[in-house]
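**Student:** Below you'll find query21.cif; it's mmCIF, C-alpha atoms.
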```cif
data_input
#
loop_
_atom_site.label_atom_id
_atom_site.label_comp_id
_atom_site.auth_asym_id
_atom_site.auth_seq_id
_atom_site.Cartn_x
_atom_site.Cartn_y
_atom_site.Cartn_z
CA MET A 27 156.13 214.48 107.61
CA ASN A 28 155.53 217.94 109.11
CA ARG A 29 156.69 221.24 107.58
CA LEU A 30 159.91 221.32 109.61
CA GLY A 31 160.76 217.79 108.51
CA LYS A 32 160.13 218.66 104.86
CA LEU A 33 162.33 221.76 105.12
CA ILE A 34 165.18 219.85 106.76
CA THR A 35 164.95 217.15 104.10
CA MET A 36 165.00 219.75 101.31
CA LEU A 37 168.13 221.29 102.79
CA ASN A 38 169.80 217.87 103.08
CA PRO A 39 168.71 215.93 99.97
CA GLU A 40 171.78 213.71 99.96
CA LYS A 41 170.77 212.33 103.37
CA ALA A 42 167.09 211.87 102.58
CA ARG A 43 167.46 208.25 101.46
CA PRO A 44 169.80 205.28 101.87
CA PRO A 45 172.24 204.89 98.96
CA ALA A 46 171.58 202.47 96.12
CA PRO A 47 173.82 199.38 96.35
CA GLU A 48 176.07 200.67 93.57
CA GLU A 49 176.52 203.94 95.49
CA ALA A 50 177.46 202.28 98.79
CA LEU A 51 180.98 202.08 100.16
CA PRO A 52 182.66 198.66 99.79
CA GLY A 53 183.41 198.23 103.48
CA ARG A 54 185.71 195.52 104.80
CA SER A 55 185.71 191.86 105.75
CA GLU A 56 186.62 192.48 109.40
CA PRO A 57 185.80 195.27 111.88
CA ALA A 58 188.16 198.23 111.75
CA PHE A 59 188.41 198.43 115.56
CA ASP A 60 188.42 196.34 118.73
CA LEU A 61 185.40 196.06 121.02
CA PRO A 62 185.36 195.76 124.83
CA GLU A 63 184.23 192.39 126.08
CA ARG A 64 181.76 193.61 128.71
CA HIS A 65 179.00 196.13 129.18
CA ALA A 66 180.21 199.20 131.08
CA VAL A 67 177.03 199.30 133.22
CA LEU A 68 175.76 195.73 133.47
CA GLY A 69 179.08 193.89 133.35
CA THR A 70 177.63 191.33 130.95
CA PRO A 71 179.17 190.29 127.61
CA LEU A 72 178.45 192.55 124.65
CA LYS A 73 178.65 189.72 122.13
CA PRO A 74 177.01 186.29 121.98
CA PRO A 75 176.88 183.50 122.81
CA PHE A 76 174.49 184.62 125.54
CA PRO A 77 173.08 182.32 128.27
CA ASP A 78 170.30 179.88 127.42
CA GLY A 79 166.91 181.55 127.27
CA ILE A 80 168.24 185.00 126.38
CA GLU A 81 166.73 186.41 123.17
CA ALA A 82 167.87 189.31 120.98
CA ALA A 83 165.87 192.29 119.75
CA TYR A 84 167.05 195.11 117.51
CA PHE A 85 165.69 198.66 117.36
CA ALA A 86 166.59 201.89 115.56
CA LEU A 87 165.15 205.10 116.97
CA GLY A 88 167.57 207.90 116.23
CA CYS A 89 170.98 208.52 117.76
CA PHE A 90 172.01 205.26 119.42
CA TRP A 91 173.52 206.96 122.48
CA GLY A 92 170.17 207.79 124.04
CA ALA A 93 168.48 204.77 122.50
CA GLU A 94 170.80 202.32 124.23
CA ARG A 95 170.30 203.99 127.63
CA LEU A 96 166.54 203.50 127.37
CA PHE A 97 166.98 199.73 127.48
CA TRP A 98 169.95 198.88 129.71
CA GLY A 99 168.06 199.90 132.87
CA LEU A 100 165.01 197.71 132.23
CA ASP A 101 164.50 194.73 134.50
CA GLY A 102 165.03 191.61 132.43
CA VAL A 103 167.51 193.11 129.97
CA TYR A 104 170.74 191.11 129.96
CA THR A 105 172.91 193.36 127.83
CA THR A 106 172.75 196.12 125.22
CA ALA A 107 175.04 197.42 122.52
CA ALA A 108 175.16 200.20 119.94
CA GLY A 109 175.69 199.38 116.30
CA TYR A 110 174.63 199.64 112.69
CA MET A 111 171.91 197.67 110.85
CA ASN A 112 169.94 197.26 107.65
CA GLY A 113 172.51 198.78 105.34
CA THR A 114 174.79 197.64 102.54
CA THR A 115 178.40 198.29 103.58
CA PRO A 116 179.94 195.48 105.67
CA ASN A 117 181.71 196.46 108.91
CA PRO A 118 181.22 200.23 108.54
CA THR A 119 182.77 202.89 110.74
CA TYR A 120 180.83 205.69 112.41
CA GLU A 121 182.30 208.25 110.02
CA GLU A 122 181.21 206.14 107.04
CA VAL A 123 177.68 205.76 108.38
CA CYS A 124 177.45 209.51 109.02
CA GLY A 125 178.62 210.15 105.46
CA GLY A 126 175.40 208.60 104.16
CA ARG A 127 176.96 205.98 101.88
CA THR A 128 176.50 202.78 103.89
CA GLY A 129 172.69 202.67 104.17
CA HIS A 130 172.74 201.70 107.85
CA ALA A 131 170.53 202.88 110.66
CA GLU A 132 172.02 203.54 114.07
CA ALA A 133 170.58 200.65 116.07
CA VAL A 134 170.71 198.97 119.45
CA LEU A 135 170.95 195.31 120.32
CA VAL A 136 168.81 194.40 123.32
CA ALA A 137 169.46 190.92 124.73
CA PHE A 138 166.64 190.11 127.13
CA ASP A 139 165.10 187.37 129.25
CA PRO A 140 161.51 186.86 127.98
CA ALA A 141 160.59 185.27 131.32
CA ARG A 142 161.15 188.68 132.94
CA ILE A 143 160.33 191.19 130.21
CA SER A 144 158.36 190.57 127.04
CA TYR A 145 159.17 191.65 123.50
CA ALA A 146 155.93 193.66 123.58
CA ASP A 147 157.25 195.54 126.63
CA LEU A 148 160.38 196.44 124.68
CA LEU A 149 158.28 197.63 121.75
CA LYS A 150 156.28 199.87 124.06
CA VAL A 151 159.49 201.59 125.18
CA PHE A 152 160.67 201.81 121.59
CA PHE A 153 157.53 203.50 120.27
CA GLU A 154 156.91 205.84 123.21
CA GLU A 155 160.44 207.17 123.60
CA HIS A 156 160.94 208.59 120.10
CA ASP A 157 158.84 210.07 117.31
CA PRO A 158 158.31 207.29 114.76
CA THR A 159 156.68 209.60 112.19
CA GLN A 160 159.71 211.60 111.05
CA GLY A 161 161.11 209.58 108.17
CA MET A 162 164.85 209.99 107.67
CA ARG A 163 165.44 212.02 110.80
CA GLN A 164 164.85 212.24 114.52
CA GLY A 165 164.49 215.80 115.74
CA ASN A 166 167.48 217.81 114.56
CA ASP A 167 169.41 214.65 113.64
CA VAL A 168 168.97 214.36 109.88
CA GLY A 169 169.81 211.42 107.64
CA ALA A 170 168.92 207.83 106.84
CA GLN A 171 171.01 206.65 109.80
CA TYR A 172 168.42 208.20 112.16
CA ARG A 173 165.38 206.45 110.69
CA SER A 174 163.02 204.42 112.86
CA GLY A 175 163.18 200.66 112.54
CA VAL A 176 162.34 197.33 114.15
CA TYR A 177 164.46 194.42 112.94
CA PHE A 178 162.86 191.10 113.84
CA THR A 179 164.57 187.75 114.41
CA GLY A 180 161.62 185.46 113.69
CA ASP A 181 157.93 185.20 112.87
CA ALA A 182 156.78 185.82 116.43
CA GLN A 183 158.70 189.09 116.71
CA LYS A 184 157.50 190.13 113.26
CA ALA A 185 153.85 189.54 114.13
CA THR A 186 154.14 191.38 117.43
CA ALA A 187 155.95 194.33 115.87
CA GLU A 188 153.41 194.66 113.07
CA MET A 189 150.52 194.50 115.51
CA ALA A 190 152.14 197.12 117.75
CA LEU A 191 152.81 199.41 114.80
CA ARG A 192 149.21 199.23 113.60
CA ALA A 193 147.87 199.97 117.07
CA TYR A 194 150.26 202.86 117.69
CA ASP A 195 149.73 204.33 114.24
CA GLU A 196 146.01 204.46 114.97
CA ALA A 197 146.66 206.14 118.33
CA LEU A 198 149.03 208.70 116.81
CA ARG A 199 146.62 209.60 114.01
CA ALA A 200 143.81 210.02 116.53
CA ALA A 201 146.06 212.46 118.41
CA GLY A 202 146.72 214.48 115.26
CA HIS A 203 150.15 213.13 114.32
CA GLU A 204 151.47 212.06 110.94
CA PRO A 205 151.51 208.34 109.96
CA ILE A 206 154.28 206.12 111.31
CA THR A 207 157.35 205.72 109.08
CA THR A 208 159.00 202.95 111.11
CA GLU A 209 160.41 200.17 108.93
CA ILE A 210 159.87 196.58 110.05
CA ALA A 211 162.37 194.25 108.42
CA PRO A 212 164.29 191.02 109.06
CA ALA A 213 167.35 191.45 111.24
CA GLY A 214 170.44 191.32 109.07
CA PRO A 215 173.99 191.62 110.37
CA PHE A 216 174.45 193.78 113.45
CA TYR A 217 177.75 195.62 113.15
CA TYR A 218 178.95 196.83 116.55
CA ALA A 219 179.84 200.49 116.86
CA GLU A 220 183.18 201.68 118.16
CA ASP A 221 184.17 201.36 121.83
CA HIS A 222 183.46 205.00 122.74
CA HIS A 223 179.88 204.72 121.44
CA GLN A 224 179.10 201.73 123.68
CA GLN A 225 177.16 202.90 126.77
CA TYR A 226 178.13 206.42 125.80
CA LEU A 227 175.73 208.21 128.15
CA HIS A 228 177.12 206.23 131.08
CA LYS A 229 180.63 207.33 130.18
CA ALA A 230 179.47 210.90 129.44
CA PRO A 231 176.39 211.47 131.65
CA ASN A 232 175.84 214.98 130.29
CA GLY A 233 176.30 213.89 126.69
CA TYR A 234 173.92 214.60 123.85
CA CYS A 235 170.57 212.82 123.60
CA GLY A 236 168.16 214.07 120.95
CA LEU A 237 165.31 211.61 121.56
CA ALA A 238 161.84 212.88 122.38
CA GLY A 239 158.56 210.99 122.36
CA THR A 240 155.20 212.17 121.12
CA GLY A 241 153.47 211.91 124.49
CA VAL A 242 151.04 209.35 123.06
CA SER A 243 150.78 206.08 124.98
CA CYS A 244 151.51 202.87 123.11
CA ARG A 245 148.91 200.27 124.09
CA ILE A 246 149.81 197.00 122.49
CA PRO A 247 146.93 194.50 122.05
CA ALA A 248 146.96 191.65 124.55
CA ALA A 249 147.39 189.14 121.73
CA ALA A 250 150.84 190.59 121.07
CA SER A 251 152.10 190.34 124.65
#
```
Output the file's structure as structure tokens, nothing else.

**Tutor:**
Amino acid sequence: MNRLGKLITMLNPEKARPPAPEEALPGRSEPAFDLPERHAVLGTPLKPPFPDGIEAAYFALGCFWGAERLFWGLDGVYTTAAGYMNGTTPNPTYEEVCGGRTGHAEAVLVAFDPARISYADLLKVFFEEHDPTQGMRQGNDVGAQYRSGVYFTGDAQKATAEMALRAYDEALRAAGHEPITTEIAPAGPFYYAEDHHQQYLHKAPNGYCGLAGTGVSCRIPAAAS
């Protein structure tokens, strides 16, 4: 973590880590809001079941507004959605996640056709379009909800993600950057975010996006493609 990151973390200690399970909010058994049925850009369903052959990938790379936009325009992506992952509180709200007591990362679901775009291709976009070395923040967005994460759905995704992380970590270090802090973990429940967060930067084209890459190319070994 660089000096700016350390200073921001010192000024926001309560957001520097996910809460312990006993500190987390209890949540609820059902979502607290309704969700639109279809993607505002692609017109495809936001929720499964998806067509045969469509696979799911889950990524966290900072504020999910800009993160979702990175993926919905890729050829081979069937649908995307913004949501919350890898926390403790079931069915959280945005306000609860921002309060730092749910443990979730802001994440995006990417449903894709592997015959048209590979999981490795998605990982390349993921790593290049944010800074995966910043710990519990992304730029000026501070807190555990903005951490970097890849949440895999099976052994093949896990192996590819780990191989990509090792290769990109080596490239970043060679370019003078800090080590990668991206977490790679099994995909738990994906809790959809509220309606106005879905495809937010389509609905508000001049809306906030705090993502910025490192400028280092992510070259994933051929064995992971």

**Student:** Just say which residues the PyMOL selection byres ((chain A and resi 132) around 9) picks in this file, as an NGL selection string.

**Tutor:** :A and (85-90 or 108-111 or 123 or 130-131 or 133-134 or 170-173 or 219)

**Student:** How far is it from CA of Met162 (chain A) to CA of Pro44 (chain A), in Å with one decimal?

**Tutor:**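 Between these atoms lies a distance of 9.0 Å.
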
**Student:** Separation of CA of Phe59 (chain A) and CA of Tyr218 (chain A), in Å?

**Tutor:**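 Taking CA of Phe59 (chain A) and CA of Tyr218 (chain A), their separation equals 9.6 Å.
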
**Student:** Determine the residue set returned by the PyMOL selection byres ((chain A and resi 198) around 12) for the present structure, and present it as a list in words.

**Tutor:**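 Applying the expression gives Phe153, Glu154, Asp157, Pro158, Thr159, Leu191, Arg192, Ala193, Tyr194, Asp195, Glu196, Ala197, Arg199, Ala200, Ala201, Gly202, His203, Glu204, Pro205, Ile206, Thr207, Gly239, Thr240, Gly241, Val242, Ser243, Cys244 and Arg245 of chain A.
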
**Student:** Give me, please, the distance in Å between CA of Lys184 (chain A) and CA of Arg95 (chain A), quoted to one decimal.

**Tutor:**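 One can read the CA of Lys184 (chain A) to CA of Arg95 (chain A) distance as 23.7 Å.
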
**Student:** Compare A:Thr115, A:Glu94, A:Thr186, A:Leu237 by their minimum atom-to-atom distance to Ser55 (chain A), counting all atoms listed in the file, and give me the closest one.

**Tutor:**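 Smallest distance to Ser55 (chain A) is found for A:Thr115.
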
**Student:** Need to verify the contact set: Leu61 (chain A), 10 Å, all atoms listed in the file, exclusion of same-chain residues closer than 6 positions in sequence. Can you return it as a PyMOL selection string?

**Tutor:** chain A and resi 72-73+218-222+224

**Student:** Using all atoms listed in the file for the distances, tell me which of A:Tyr104, A:Tyr234, A:Phe216, A:Tyr145 is nearest to His65 (chain A).

**Tutor:** A:Tyr104

**Student:** Find the residues near Ala211 (chain A): any atom within 7 Å, counting only C-alpha atoms, skip ones fewer than 3 places away on the same chain, and give them as a VMD selection string.

**Tutor:** chain A and resid 176 to 178

**Student:** Using the chain letters and numbers from this file, what does the PyMOL selection byres ((chain A and resi 74-83) around 6) select? Give the answer as a PDB file with C-alpha atoms, keeping the file's coordinate frame.

**Tutor:**
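Result went into selection_22.pdb, see below:
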```pdb
ATOM      1  CA  LYS A  73     178.650 189.720 122.130  1.00  0.00           C
ATOM      2  CA  TYR A  84     167.050 195.110 117.510  1.00  0.00           C
ATOM      3  CA  LEU A 135     170.950 195.310 120.320  1.00  0.00           C
ATOM      4  CA  VAL A 136     168.810 194.400 123.320  1.00  0.00           C
ATOM      5  CA  ALA A 137     169.460 190.920 124.730  1.00  0.00           C
ATOM      6  CA  PHE A 138     166.640 190.110 127.130  1.00  0.00           C
ATOM      7  CA  ASP A 139     165.100 187.370 129.250  1.00  0.00           C
TER       8      ASP A 139
END
```
